>>> print(open('model_38.cif').read())   # mmCIF, C-alpha atoms and all ligand atoms
data_model
loop_
_atom_site.label_atom_id
_atom_site.label_comp_id
_atom_site.auth_asym_id
_atom_site.auth_seq_id
_atom_site.Cartn_x
_atom_site.Cartn_y
_atom_site.Cartn_z
CA MET A 1 72.28 46.50 84.03
CA SER A 2 70.19 49.32 85.52
CA ARG A 3 66.88 48.79 87.26
CA ARG A 4 63.94 51.18 86.98
CA SER A 5 61.06 50.92 89.46
CA ILE A 6 57.52 51.73 88.44
CA GLY A 7 54.81 52.32 91.07
CA ILE A 8 51.46 50.72 90.22
CA VAL A 9 48.30 51.30 92.24
CA LEU A 10 46.25 48.09 92.23
CA ASN A 11 42.64 48.86 93.13
CA GLY A 12 40.37 45.88 93.73
CA VAL A 13 43.28 43.64 94.62
CA THR A 14 41.23 41.68 97.15
CA GLY A 15 38.92 40.48 94.35
CA ARG A 16 39.19 37.33 92.24
CA MET A 17 40.79 38.95 89.20
CA GLY A 18 42.79 41.64 90.95
CA TYR A 19 44.48 39.19 93.29
CA ARG A 20 44.99 36.01 91.32
CA GLN A 21 45.52 37.07 87.73
CA HIS A 22 46.90 40.60 88.04
CA LEU A 23 48.88 40.68 91.29
CA VAL A 24 50.06 37.08 91.70
CA ARG A 25 50.17 35.65 88.17
CA SER A 26 51.31 38.87 86.48
CA LEU A 27 53.16 41.52 88.53
CA LEU A 28 54.59 39.28 91.25
CA ALA A 29 55.46 36.65 88.65
CA ILE A 30 57.42 39.30 86.72
CA ARG A 31 59.31 40.13 89.94
CA ASP A 32 59.92 36.45 90.65
CA ASP A 33 61.59 36.26 87.24
CA GLY A 34 63.87 39.22 88.05
CA GLY A 35 61.79 42.03 86.52
CA LEU A 36 60.84 42.91 82.95
CA PRO A 37 63.79 43.32 80.56
CA LEU A 38 63.45 46.30 78.22
CA ALA A 39 65.03 46.72 74.77
CA ASP A 40 67.66 49.18 76.08
CA GLY A 41 68.92 46.70 78.68
CA THR A 42 67.09 48.28 81.62
CA VAL A 43 65.05 45.99 83.86
CA LEU A 44 61.63 47.29 84.86
CA TRP A 45 60.61 46.51 88.43
CA PRO A 46 56.88 46.76 89.30
CA GLU A 47 56.23 48.20 92.77
CA PRO A 48 52.61 47.35 93.67
CA VAL A 49 50.66 49.73 95.90
CA LEU A 50 47.67 47.73 97.13
CA VAL A 51 44.46 49.76 97.44
CA GLY A 52 41.11 48.63 98.83
CA ARG A 53 38.48 49.18 101.50
CA ASN A 54 39.44 46.55 104.04
CA GLU A 55 42.77 47.15 105.76
CA HIS A 56 42.87 43.67 107.29
CA LYS A 57 42.54 41.99 103.91
CA LEU A 58 45.13 44.34 102.37
CA ALA A 59 47.60 43.79 105.20
CA GLU A 60 47.11 40.03 104.96
CA ILE A 61 47.75 39.98 101.20
CA ALA A 62 50.77 42.26 101.60
CA HIS A 63 52.18 40.05 104.36
CA ARG A 64 51.59 36.85 102.36
CA HIS A 65 53.65 38.21 99.46
CA GLY A 66 56.32 40.19 101.29
CA LEU A 67 54.86 43.57 100.28
CA SER A 68 54.53 46.58 102.55
CA ASP A 69 52.84 49.27 100.47
CA TRP A 70 49.06 49.30 100.94
CA THR A 71 46.40 51.87 101.75
CA THR A 72 42.65 52.40 101.95
CA ASP A 73 43.10 55.99 100.72
CA LEU A 74 42.97 56.03 96.91
CA PRO A 75 43.37 59.83 96.47
CA SER A 76 46.59 59.85 98.50
CA ALA A 77 47.94 56.88 96.52
CA LEU A 78 47.13 58.70 93.27
CA ALA A 79 48.87 61.83 94.54
CA ARG A 80 52.21 60.04 94.91
CA ASP A 81 54.93 60.94 92.40
CA ASP A 82 56.37 57.43 92.40
CA VAL A 83 53.04 56.00 91.26
CA GLU A 84 52.85 56.07 87.46
CA ILE A 85 50.06 53.59 86.69
CA TYR A 86 46.57 53.09 88.08
CA PHE A 87 45.14 49.59 87.64
CA ASP A 88 41.44 48.85 88.19
CA ALA A 89 39.83 45.49 88.98
CA LEU A 90 36.90 46.86 90.98
CA THR A 91 33.39 45.64 90.35
CA THR A 92 32.23 46.95 86.98
CA ASP A 93 29.88 49.68 88.26
CA ARG A 94 32.70 51.42 90.20
CA ARG A 95 35.23 51.49 87.40
CA GLU A 96 34.32 54.63 85.49
CA LYS A 97 34.51 56.94 88.51
CA ALA A 98 37.76 55.43 89.77
CA ILE A 99 39.46 55.63 86.36
CA ALA A 100 38.28 59.21 85.93
CA SER A 101 39.99 60.14 89.20
CA ALA A 102 43.21 58.44 88.10
CA LEU A 103 43.15 60.31 84.79
CA GLU A 104 42.60 63.57 86.67
CA ALA A 105 45.68 62.75 88.72
CA GLY A 106 47.62 62.33 85.45
CA LYS A 107 48.30 58.59 85.84
CA HIS A 108 48.55 56.03 83.06
CA VAL A 109 45.66 53.59 83.33
CA TYR A 110 45.41 49.86 82.85
CA THR A 111 42.05 48.28 83.58
CA GLU A 112 39.83 45.25 83.57
CA LYS A 113 36.89 45.19 81.21
CA PRO A 114 34.20 46.45 80.71
CA VAL A 115 35.55 49.98 81.13
CA ALA A 116 32.11 51.41 81.89
CA THR A 117 28.51 50.27 82.16
CA ASP A 118 27.42 52.21 79.05
CA LEU A 119 28.84 53.66 75.86
CA ASP A 120 28.61 57.29 76.99
CA GLY A 121 30.73 56.48 80.03
CA ALA A 122 33.28 54.57 77.96
CA LEU A 123 33.62 57.41 75.46
CA ALA A 124 33.90 60.00 78.24
CA LEU A 125 36.86 58.05 79.63
CA ALA A 126 38.48 57.81 76.19
CA ARG A 127 38.19 61.58 75.75
CA ALA A 128 39.48 62.26 79.27
CA ALA A 129 42.51 60.04 78.63
CA GLU A 130 43.28 61.87 75.40
CA ALA A 131 42.99 65.23 77.14
CA ALA A 132 45.28 64.03 79.93
CA GLY A 133 47.84 62.75 77.41
CA VAL A 134 48.38 59.52 79.30
CA LYS A 135 48.60 55.92 78.14
CA VAL A 136 45.69 53.56 78.63
CA GLY A 137 45.21 49.84 78.19
CA VAL A 138 42.29 47.49 78.68
CA VAL A 139 42.50 43.79 79.46
CA ALA A 140 41.84 41.59 76.41
CA ASP A 141 43.11 38.35 77.88
CA LYS A 142 41.22 35.91 75.65
CA ILE A 143 43.37 36.92 72.67
CA PHE A 144 46.40 35.48 74.44
CA LEU A 145 44.85 32.08 75.20
CA PRO A 146 46.80 29.27 73.51
CA GLY A 147 43.67 28.01 71.73
CA LEU A 148 42.91 31.42 70.27
CA VAL A 149 46.54 32.12 69.33
CA LYS A 150 46.48 28.91 67.28
CA LEU A 151 43.09 29.82 65.76
CA LYS A 152 44.44 33.23 64.75
CA ARG A 153 47.45 31.52 63.20
CA LEU A 154 45.07 29.46 61.02
CA VAL A 155 43.16 32.60 60.00
CA ASP A 156 46.38 34.44 59.09
CA SER A 157 47.68 31.47 57.07
CA GLY A 158 44.58 31.46 54.86
CA PHE A 159 43.69 27.96 56.10
CA PHE A 160 39.93 28.59 56.07
CA GLY A 161 39.58 29.88 52.52
CA ARG A 162 36.48 32.08 52.71
CA VAL A 163 35.25 32.19 56.31
CA LEU A 164 31.54 31.43 56.49
CA SER A 165 30.57 31.32 60.13
CA VAL A 166 31.72 31.23 63.73
CA ARG A 167 29.95 29.53 66.60
CA CYS A 168 30.89 29.93 70.21
CA GLU A 169 29.67 27.93 73.16
CA PHE A 170 30.59 29.58 76.42
CA GLY A 171 29.44 28.72 79.88
CA TYR A 172 29.04 26.33 82.74
CA TRP A 173 26.76 25.80 85.69
CA VAL A 174 27.11 28.50 88.37
CA PHE A 175 25.64 27.10 91.54
CA GLU A 176 22.64 28.89 92.95
CA GLY A 177 24.38 29.36 96.29
CA ASP A 178 22.05 27.45 98.60
CA TRP A 179 22.99 23.77 98.54
CA GLN A 180 26.45 24.58 97.11
CA SER A 181 28.09 28.00 97.30
CA ALA A 182 28.19 29.95 94.04
CA GLN A 183 31.60 30.03 92.35
CA ARG A 184 31.16 33.60 91.05
CA PRO A 185 30.45 36.79 93.08
CA SER A 186 26.75 37.56 93.54
CA TRP A 187 26.96 41.08 92.04
CA ASN A 188 27.28 39.40 88.63
CA TYR A 189 23.60 38.43 88.87
CA ARG A 190 22.26 41.88 89.86
CA ARG A 191 21.77 44.50 87.15
CA GLU A 192 21.83 47.33 89.74
CA ASP A 193 25.37 46.26 90.72
CA GLY A 194 26.74 46.14 87.17
CA GLY A 195 26.07 42.42 86.63
CA GLY A 196 24.71 40.47 83.68
CA MET A 197 26.10 38.13 81.04
CA VAL A 198 26.01 40.67 78.22
CA LEU A 199 28.00 43.42 79.93
CA ASP A 200 30.43 40.85 81.30
CA MET A 201 31.13 38.72 78.22
CA PHE A 202 30.22 40.71 75.09
CA PRO A 203 33.23 43.06 75.45
CA HIS A 204 35.33 39.86 75.32
CA TRP A 205 33.44 38.53 72.28
CA HIS A 206 33.88 41.89 70.60
CA TYR A 207 37.67 42.01 70.76
CA VAL A 208 37.93 38.29 69.93
CA LEU A 209 35.88 38.70 66.76
CA GLU A 210 37.56 41.98 65.80
CA HIS A 211 41.00 40.42 66.30
CA LEU A 212 40.20 37.22 64.38
CA LEU A 213 37.92 38.36 61.59
CA GLY A 214 37.18 42.09 61.71
CA PRO A 215 34.47 44.45 62.90
CA VAL A 216 30.99 43.42 64.04
CA ARG A 217 28.35 45.21 61.93
CA ALA A 218 25.03 44.08 63.45
CA VAL A 219 23.67 42.17 66.42
CA ARG A 220 20.55 40.28 67.33
CA CYS A 221 20.32 39.03 70.88
CA THR A 222 17.92 37.22 73.19
CA THR A 223 18.61 37.21 76.91
CA ALA A 224 17.22 35.12 79.72
CA THR A 225 17.35 35.00 83.48
CA HIS A 226 17.01 31.26 83.80
CA ILE A 227 17.66 31.18 87.56
CA PRO A 228 15.59 34.01 89.05
CA ARG A 229 16.61 33.60 92.69
CA ARG A 230 20.09 32.95 94.04
CA PHE A 231 21.91 33.03 97.39
CA ASP A 232 24.75 35.45 98.06
CA GLU A 233 28.09 35.20 99.90
CA ASN A 234 26.28 35.43 103.26
CA GLY A 235 23.71 32.80 102.38
CA GLU A 236 21.00 35.45 101.89
CA GLU A 237 18.48 34.84 99.11
CA TYR A 238 18.28 37.57 96.47
CA ALA A 239 16.45 38.26 93.22
CA ALA A 240 18.66 37.79 90.14
CA THR A 241 17.86 41.01 88.29
CA ALA A 242 20.39 40.52 85.48
CA GLU A 243 20.39 37.97 82.67
CA ASP A 244 22.38 34.80 83.24
CA ALA A 245 22.33 33.78 79.57
CA ALA A 246 22.52 35.49 76.20
CA TYR A 247 21.94 33.97 72.78
CA ALA A 248 23.32 36.28 70.11
CA THR A 249 23.96 36.45 66.38
CA PHE A 250 26.63 38.87 65.17
CA GLU A 251 27.04 39.87 61.52
CA LEU A 252 30.54 40.64 60.23
CA ASP A 253 31.81 41.78 56.84
CA ASP A 254 31.70 39.46 53.82
CA GLY A 255 28.60 37.66 55.05
CA ILE A 256 30.30 36.05 58.07
CA ILE A 257 27.71 35.03 60.68
CA ALA A 258 28.79 34.48 64.27
CA GLN A 259 26.47 32.77 66.74
CA PHE A 260 27.43 32.96 70.40
CA ASN A 261 25.68 31.12 73.22
CA SER A 262 26.78 32.41 76.63
CA SER A 263 25.25 30.88 79.75
CA TRP A 264 25.83 30.36 83.45
CA ALA A 265 22.95 27.91 83.47
CA VAL A 266 24.33 25.21 81.20
CA ARG A 267 26.13 21.96 81.98
CA VAL A 268 29.32 21.32 80.07
CA PHE A 269 29.34 18.55 77.46
CA ARG A 270 32.36 19.79 75.53
CA ASP A 271 36.10 19.68 76.05
CA GLU A 272 36.56 23.22 77.39
CA LEU A 273 34.49 25.93 79.09
CA VAL A 274 34.56 28.00 75.94
CA GLU A 275 34.87 26.71 72.38
CA PHE A 276 34.93 28.63 69.12
CA GLN A 277 34.28 26.85 65.83
CA VAL A 278 35.20 28.58 62.59
CA ASP A 279 33.94 27.08 59.32
CA GLY A 280 35.38 28.11 56.00
CA THR A 281 35.26 26.86 52.42
CA HIS A 282 38.70 25.24 52.73
CA GLY A 283 38.72 24.08 56.34
CA SER A 284 37.23 24.28 59.82
CA ALA A 285 38.73 24.56 63.28
CA VAL A 286 37.55 24.33 66.88
CA ALA A 287 39.54 26.22 69.50
CA GLY A 288 39.14 26.16 73.26
CA LEU A 289 41.16 27.86 75.97
CA ARG A 290 44.18 25.67 75.27
CA ASN A 291 43.55 23.32 72.38
CA CYS A 292 42.78 23.78 68.73
CA ARG A 293 41.79 21.12 66.22
CA ALA A 294 41.29 21.49 62.51
CA GLN A 295 39.87 19.65 59.52
CA ARG A 296 40.91 20.50 55.96
CA ARG A 297 38.57 20.16 53.00
CA GLU A 298 40.65 17.18 51.75
CA ALA A 299 40.10 15.41 55.08
CA THR A 300 36.38 16.12 55.33
CA PRO A 301 34.39 12.85 55.57
CA ARG A 302 31.34 12.30 53.38
CA SER A 303 28.55 12.46 55.95
CA VAL A 304 25.26 10.92 54.85
CA TRP A 305 22.11 11.37 56.89
CA ASN A 306 20.66 7.97 57.78
CA PRO A 307 18.80 7.67 61.08
CA ASP A 308 18.15 3.96 60.41
CA LEU A 309 21.77 3.13 61.22
CA PRO A 310 23.56 3.56 64.57
CA PRO A 311 26.36 6.18 64.46
CA SER A 312 29.50 4.51 63.12
CA ALA A 313 31.82 7.39 62.20
CA ASP A 314 34.36 8.72 64.69
CA GLN A 315 33.57 12.37 63.94
CA ARG A 316 36.23 13.79 66.26
CA GLY A 317 38.83 11.30 65.02
CA ASP A 318 38.90 13.04 61.65
CA TRP A 319 40.26 16.27 63.15
CA ALA A 320 43.97 17.07 63.43
CA THR A 321 45.58 18.73 66.44
CA VAL A 322 47.05 22.13 65.68
CA PRO A 323 50.54 22.06 67.29
CA ASP A 324 51.61 24.68 69.86
CA ASN A 325 54.86 25.60 68.02
CA GLN A 326 55.60 28.14 70.76
CA GLU A 327 55.58 28.60 74.53
CA PHE A 328 52.46 30.16 75.98
CA GLY A 329 52.70 32.38 79.05
CA ASN A 330 49.78 33.41 81.24
CA GLY A 331 47.66 35.69 79.03
CA PHE A 332 47.18 38.35 81.71
CA ARG A 333 50.93 38.55 82.30
CA VAL A 334 51.72 38.68 78.59
CA GLN A 335 49.40 41.64 78.23
CA TRP A 336 50.76 43.37 81.37
CA GLU A 337 54.27 43.09 79.95
CA ARG A 338 53.14 44.65 76.70
CA PHE A 339 51.38 47.47 78.55
CA LEU A 340 54.42 48.19 80.72
CA ARG A 341 56.61 48.35 77.59
CA HIS A 342 54.00 50.64 76.03
CA VAL A 343 54.26 52.99 79.02
CA VAL A 344 58.03 53.13 79.43
CA SER A 345 59.32 52.32 75.92
CA ASP A 346 56.41 53.55 73.80
CA GLU A 347 55.90 50.16 72.16
CA PRO A 348 52.51 49.80 70.43
CA PHE A 349 49.48 48.63 72.41
CA PRO A 350 46.24 48.43 70.42
CA TRP A 351 43.81 47.61 73.27
CA ASP A 352 43.00 51.18 74.25
CA LEU A 353 39.86 52.89 75.51
CA HIS A 354 38.49 53.38 71.99
CA ALA A 355 38.72 49.64 71.31
CA ALA A 356 37.15 49.00 74.72
CA ALA A 357 34.35 51.49 74.00
CA ARG A 358 33.44 49.46 70.89
CA GLY A 359 33.07 46.42 73.18
CA VAL A 360 30.80 48.33 75.55
CA GLN A 361 28.83 49.58 72.52
CA LEU A 362 28.26 45.98 71.40
CA ALA A 363 27.01 45.04 74.87
CA GLU A 364 24.72 48.06 75.02
CA LEU A 365 23.23 47.42 71.58
CA ALA A 366 22.83 43.69 72.30
CA LEU A 367 20.80 44.54 75.39
CA ARG A 368 18.73 46.97 73.33
CA SER A 369 18.22 44.27 70.71
CA ALA A 370 17.01 41.88 73.41
CA GLY A 371 14.71 44.51 74.91
CA GLU A 372 13.20 45.54 71.59
CA GLY A 373 13.24 42.09 69.99
CA ARG A 374 15.01 43.23 66.82
CA ARG A 375 18.25 43.24 64.85
CA ILE A 376 20.39 46.33 65.40
CA GLU A 377 23.12 47.70 63.15
CA ILE A 378 26.23 48.95 64.88
CA PRO A 379 27.29 52.47 63.93
CA GLU A 380 31.00 53.19 63.65
CA LEU A 381 32.27 55.36 66.48
CA ALA A 382 33.89 58.63 65.52
N1 LIG B 1 39.24 39.48 82.11
C1 LIG B 1 38.52 38.50 82.61
O1 LIG B 1 38.56 37.36 82.16
C2 LIG B 1 37.61 38.77 83.77
C3 LIG B 1 37.06 37.70 84.49
C4 LIG B 1 36.26 37.98 85.59
C5 LIG B 1 35.97 39.29 85.94
N2 LIG B 1 36.51 40.31 85.19
C6 LIG B 1 36.21 41.72 85.55
O2 LIG B 1 36.97 42.06 86.69
C7 LIG B 1 36.23 42.90 87.55
C8 LIG B 1 36.22 42.29 88.96
O3 LIG B 1 35.61 41.02 88.92
P1 LIG B 1 35.88 39.94 90.07
O4 LIG B 1 35.25 38.69 89.60
O5 LIG B 1 37.31 39.98 90.44
O6 LIG B 1 35.00 40.56 91.26
P2 LIG B 1 35.21 40.45 92.83
O7 LIG B 1 33.87 40.70 93.43
O8 LIG B 1 35.93 39.21 93.19
O9 LIG B 1 36.21 41.67 93.16
C9 LIG B 1 35.77 43.00 93.12
C10 LIG B 1 36.71 43.92 93.85
O10 LIG B 1 36.04 45.19 93.97
C11 LIG B 1 36.03 45.57 95.35
N3 LIG B 1 34.80 46.28 95.71
C12 LIG B 1 33.56 45.78 95.71
N4 LIG B 1 32.71 46.70 96.17
C13 LIG B 1 33.44 47.82 96.47
C14 LIG B 1 33.12 49.10 97.00
N5 LIG B 1 31.89 49.41 97.37
N6 LIG B 1 34.11 49.98 97.14
C15 LIG B 1 35.38 49.66 96.79
N7 LIG B 1 35.73 48.45 96.32
C16 LIG B 1 34.77 47.55 96.15
C17 LIG B 1 36.13 44.28 96.12
O11 LIG B 1 36.62 44.51 97.43
C18 LIG B 1 37.07 43.48 95.26
O12 LIG B 1 38.41 43.85 95.53
C19 LIG B 1 34.84 43.03 86.93
O13 LIG B 1 34.71 44.27 86.30
C20 LIG B 1 34.76 41.92 85.91
O14 LIG B 1 34.00 42.30 84.76
C21 LIG B 1 37.31 40.06 84.14
#
>>> encode(input="model_38.cif", output="structure tokens", more="lines below")
Ligand SMILES: NC(=O)c1ccc[n+]([C@@H]2O[C@H](COP(=O)([O-])OP(=O)(O)OC[C@H]3O[C@@H](n4cnc5c(N)ncnc54)[C@H](O)[C@@H]3O)[C@@H](O)[C@H]2O)c1
Amino acid sequence: MSRRSIGIVLNGVTGRMGYRQHLVRSLLAIRDDGGLPLADGTVLWPEPVLVGRNEHKLAEIAHRHGLSDWTTDLPSALARDDVEIYFDALTTDRREKAIASALEAGKHVYTEKPVATDLDGALALARAAEAAGVKVGVVADKIFLPGLVKLKRLVDSGFFGRVLSVRCEFGYWVFEGDWQSAQRPSWNYRREDGGGMVLDMFPHWHYVLEHLLGPVRAVRCTTATHIPRRFDENGEEYAATAEDAAYATFELDDGIIAQFNSSWAVRVFRDELVEFQVDGTHGSAVAGLRNCRAQRREATPRSVWNPDLPPSADQRGDWATVPDNQEFGNGFRVQWERFLRHVVSDEPFPWDLHAAARGVQLAELALRSAGEGRRIEIPELA
């Protein structure tokens, strides 16, 4: 069995996503399992090249994981012949420039979302990638969550009949940072640093909806900055200049209405941090990160409104658990494996820069909708 190494620059590897999900849970996990087997019998062996600003942090991460290849010099890393892929998990506002430099260097690109802070930037990257003739992939991890895999299975089986609506509750309380430290980086709450709920989460909602039910045709959105002042990583108070909540309605084909509440200023009274409910003529389902429950039309109880009586029905008891029926790997790793096979074996990979640009477009138009207080139709991108 032959082994083929593939050099991968990981930029932003000291950050939450770059370190935990992409380096440790994906690329190092693939190595721990002996590499990635390809269809022709070759084993693909990722060789991470850690890139960042802080050499102490890079050296410490490299040491912790038995790696030796790290640098603070991105251009020199991109100039190396043994590096084939550039991966980006920088803060959102730095991504476009960094990816553009990787494309110029002729590298394949895999990246966190959103790919850019506006649609023009996202489309410019898509065009540059086409001109460079390289392969590109964008993280769409939610699609690989067990709960959503099971929900998609229900959609594909025709379980719902005619789908009527989707509702999504996403969010949890992000501490203000004074009496308890915030559990998310402070740049997320500053517009000037690429923060904000809409730019962060609407690209996710876009590919989830497109994958489950088809394209989003119109949006109406209201945003709020519920917590106007927060405290950063150094305990310094700052003005939250980006929205920390977004309340949106998306219109899909065939009259499907999707309502999504996304908030970092909400306390969780549900089973999971995100839940999607799909209602159809023949059945309904609620999916979280891991679980999915469903109720068929034949099992739907006859609810009768009567506020004079205390609640007696066990509403949740009437829902059936959708079984796993398969093993679920870490979603980030599953997608990495598919991207690596796309690069070396030309297997299909639909989450490209055009798909990602549609997600950025939705975020941009949702913010415009919020600013102008109106419904906005979403034009198809050429
Ligand atoms: N797919 C998902 O579920 C998911 C979840 C969270 C975040 N993200 C995305 O991942 C990206 C990173 O988010 P995070 O939460 O890991 O952020 P983070 O702040 O933890 O990490 C950001 C990284 O960028 C680097 N960086 C910051 N400023 C820099 C500068 N001036 N020059 C060079 N490097 C700089 C940091 O050193 C760090 O390595 C964001 O674009 C975010 O939208 C995706």
>>> closest_atom_pairs(input="model_38.cif", of="segment 95-151 of chain A", to="segment 282-289 of chain A", cutoff="7 Å", atoms="all atoms listed in the file", output="JSON lines")
{"residue": "A:Leu145", "atom": "CA", "partner": "A:Leu289", "partner_atom": "CA", "distance": 5.7}
{"residue": "A:Pro146", "atom": "CA", "partner": "A:Leu289", "partner_atom": "CA", "distance": 6.3}
{"residue": "A:Gly147", "atom": "CA", "partner": "A:Leu289", "partner_atom": "CA", "distance": 4.9}
{"residue": "A:Leu148", "atom": "CA", "partner": "A:Ala287", "partner_atom": "CA", "distance": 6.2}
{"residue": "A:Leu151", "atom": "CA", "partner": "A:Ala287", "partner_atom": "CA", "distance": 6.3}
>>> closest_atom_pairs(input="model_38.cif", of="chain A", to="ligand LIG 1 (chain B)", cutoff="9 Å", atoms="all atoms listed in the file", output="CSV")
residue,atom,partner,partner_atom,distance
A:Asn11,CA,B:LIG1,O12,7.0
A:Gly12,CA,B:LIG1,O12,3.3
A:Val13,CA,B:LIG1,O12,5.0
A:Thr14,CA,B:LIG1,O12,3.9
A:Gly15,CA,B:LIG1,O9,3.2
A:Arg16,CA,B:LIG1,O5,3.7
A:Met17,CA,B:LIG1,O5,3.8
A:Gly18,CA,B:LIG1,O5,5.7
A:Tyr19,CA,B:LIG1,O5,7.8
A:Arg20,CA,B:LIG1,O5,8.7
A:Gln21,CA,B:LIG1,N1,8.8
A:Val51,CA,B:LIG1,O12,8.7
A:Gly52,CA,B:LIG1,N7,5.9
A:Arg53,CA,B:LIG1,C15,5.7
A:Asn54,CA,B:LIG1,O11,7.5
A:Asp88,CA,B:LIG1,C7,7.9
A:Ala89,CA,B:LIG1,C7,4.7
A:Leu90,CA,B:LIG1,O10,3.5
A:Thr91,CA,B:LIG1,O13,4.5
A:Thr92,CA,B:LIG1,O13,3.7
A:Asp93,CA,B:LIG1,O13,7.5
A:Arg94,CA,B:LIG1,C14,7.2
A:Arg95,CA,B:LIG1,O13,7.3
A:Thr111,CA,B:LIG1,O2,8.6
A:Glu112,CA,B:LIG1,O2,5.3
A:Lys113,CA,B:LIG1,O14,5.4
A:Pro114,CA,B:LIG1,O14,5.8
A:Val115,CA,B:LIG1,O13,7.7
A:Ala116,CA,B:LIG1,O13,8.8
A:Val139,CA,B:LIG1,N1,6.0
A:Ala140,CA,B:LIG1,N1,6.6
A:Asp141,CA,B:LIG1,N1,5.8
A:Lys142,CA,B:LIG1,O1,7.2
A:Arg184,CA,B:LIG1,O4,6.7
A:Pro185,CA,B:LIG1,O7,5.2
A:Ser186,CA,B:LIG1,O7,7.8
A:Trp187,CA,B:LIG1,O7,7.1
A:Asn188,CA,B:LIG1,O4,8.1
A:Gly194,CA,B:LIG1,O13,8.2
A:Gly195,CA,B:LIG1,O14,8.1
A:Leu199,CA,B:LIG1,O14,7.8
A:Asp200,CA,B:LIG1,O14,5.2
A:Met201,CA,B:LIG1,O14,8.0
A:His204,CA,B:LIG1,N1,7.8
A:Phe332,CA,B:LIG1,N1,8.0
>>> closest_residue(input="model_38.cif", among="A:Leu27, A:Val149, A:Leu353, A:Leu309", to="Gln326 of chain A", atoms="all atoms listed in the file")
A:Val149
>>> residues_around(input="model_38.cif", residues="segment 65-82 of chain A", least_positions_apart="6", cutoff="9 Å", atoms="only C-alpha atoms", output="NGL selection string")
:A and (5-9 or 11 or 24 or 28 or 47-55 or 58-59 or 98 or 101-102 or 105-107)
>>> write_last_selection(input="model_38.cif", atoms="C-alpha atoms", output="JSON list (two decimals), keeping the file's coordinate frame")
[["chain", "number", "residue", "atom", "x", "y", "z"],
["A", 5, "SER", "CA", 61.06, 50.92, 89.46],
["A", 6, "ILE", "CA", 57.52, 51.73, 88.44],
["A", 7, "GLY", "CA", 54.81, 52.32, 91.07],
["A", 8, "ILE", "CA", 51.46, 50.72, 90.22],
["A", 9, "VAL", "CA", 48.30, 51.30, 92.24],
["A", 11, "ASN", "CA", 42.64, 48.86, 93.13],
["A", 24, "VAL", "CA", 50.06, 37.08, 91.70],
["A", 28, "LEU", "CA", 54.59, 39.28, 91.25],
["A", 47, "GLU", "CA", 56.23, 48.20, 92.77],
["A", 48, "PRO", "CA", 52.61, 47.35, 93.67],
["A", 49, "VAL", "CA", 50.66, 49.73, 95.90],
["A", 50, "LEU", "CA", 47.67, 47.73, 97.13],
["A", 51, "VAL", "CA", 44.46, 49.76, 97.44],
["A", 52, "GLY", "CA", 41.11, 48.63, 98.83],
["A", 53, "ARG", "CA", 38.48, 49.18, 101.50],
["A", 54, "ASN", "CA", 39.44, 46.55, 104.04],
["A", 55, "GLU", "CA", 42.77, 47.15, 105.76],
["A", 58, "LEU", "CA", 45.13, 44.34, 102.37],
["A", 59, "ALA", "CA", 47.60, 43.79, 105.20],
["A", 98, "ALA", "CA", 37.76, 55.43, 89.77],
["A", 101, "SER", "CA", 39.99, 60.14, 89.20],
["A", 102, "ALA", "CA", 43.21, 58.44, 88.10],
["A", 105, "ALA", "CA", 45.68, 62.75, 88.72],
["A", 106, "GLY", "CA", 47.62, 62.33, 85.45],
["A", 107, "LYS", "CA", 48.30, 58.59, 85.84]]
>>> closest_residue(input="model_38.cif", among="A:Phe87, A:Trp205, A:Trp305, A:Phe231", to="Ile99 of chain A", atoms="all atoms listed in the file")
A:Phe87
>>> atom_distance(input="model_38.cif", atom1="atom CA of Leu154 of chain A", atom2="atom CA of Arg167 of chain A")
16.1 Å
>>> atom_distance(input="model_38.cif", atom1="atom CA of Gly196 of chain A", atom2="atom CA of Glu243 of chain A")
5.1 Å
>>> closest_residue(input="model_38.cif", among="A:Glu364, A:Asp253, A:Asp352, A:Glu337", to="Leu38 of chain A", atoms="only C-alpha atoms")
A:Glu337
>>> closest_residue(input="model_38.cif", among="A:Glu347, A:Glu104, A:Asp118, A:Glu298", to="Gly133 of chain A", atoms="all atoms listed in the file")
A:Glu104
>>> closest_residue(input="model_38.cif", among="A:Gly177, A:Leu252, A:Arg267, A:Ala294", to="Glu236 of chain A", atoms="all atoms listed in the file")
A:Gly177
>>> atom_distance(input="model_38.cif", atom1="atom CA of Val322 of chain A", atom2="atom CA of Leu273 of chain A")
18.8 Å
>>> closest_residue(input="model_38.cif", among="A:Glu60, A:Ile85, A:Leu367, A:Ala29", to="Val344 of chain A", atoms="only C-alpha atoms")
A:Ile85
>>> axis_aligned_box(input="model_38.cif", around="segment 112-118 of chain A", padding_each_side="5 Å", output="AutoDock Vina command-line options")
--center_x 33.6 --center_y 48.7 --center_z 81.3 --size_x 22.4 --size_y 17.0 --size_z 14.5
>>> residues_around(input="model_38.cif", residues="Val219 of chain A", least_positions_apart="3", cutoff="7 Å", atoms="only C-alpha atoms", output="JSON, numbers by chain")
{"A": [248, 249, 250, 251, 366, 375, 376, 377]}
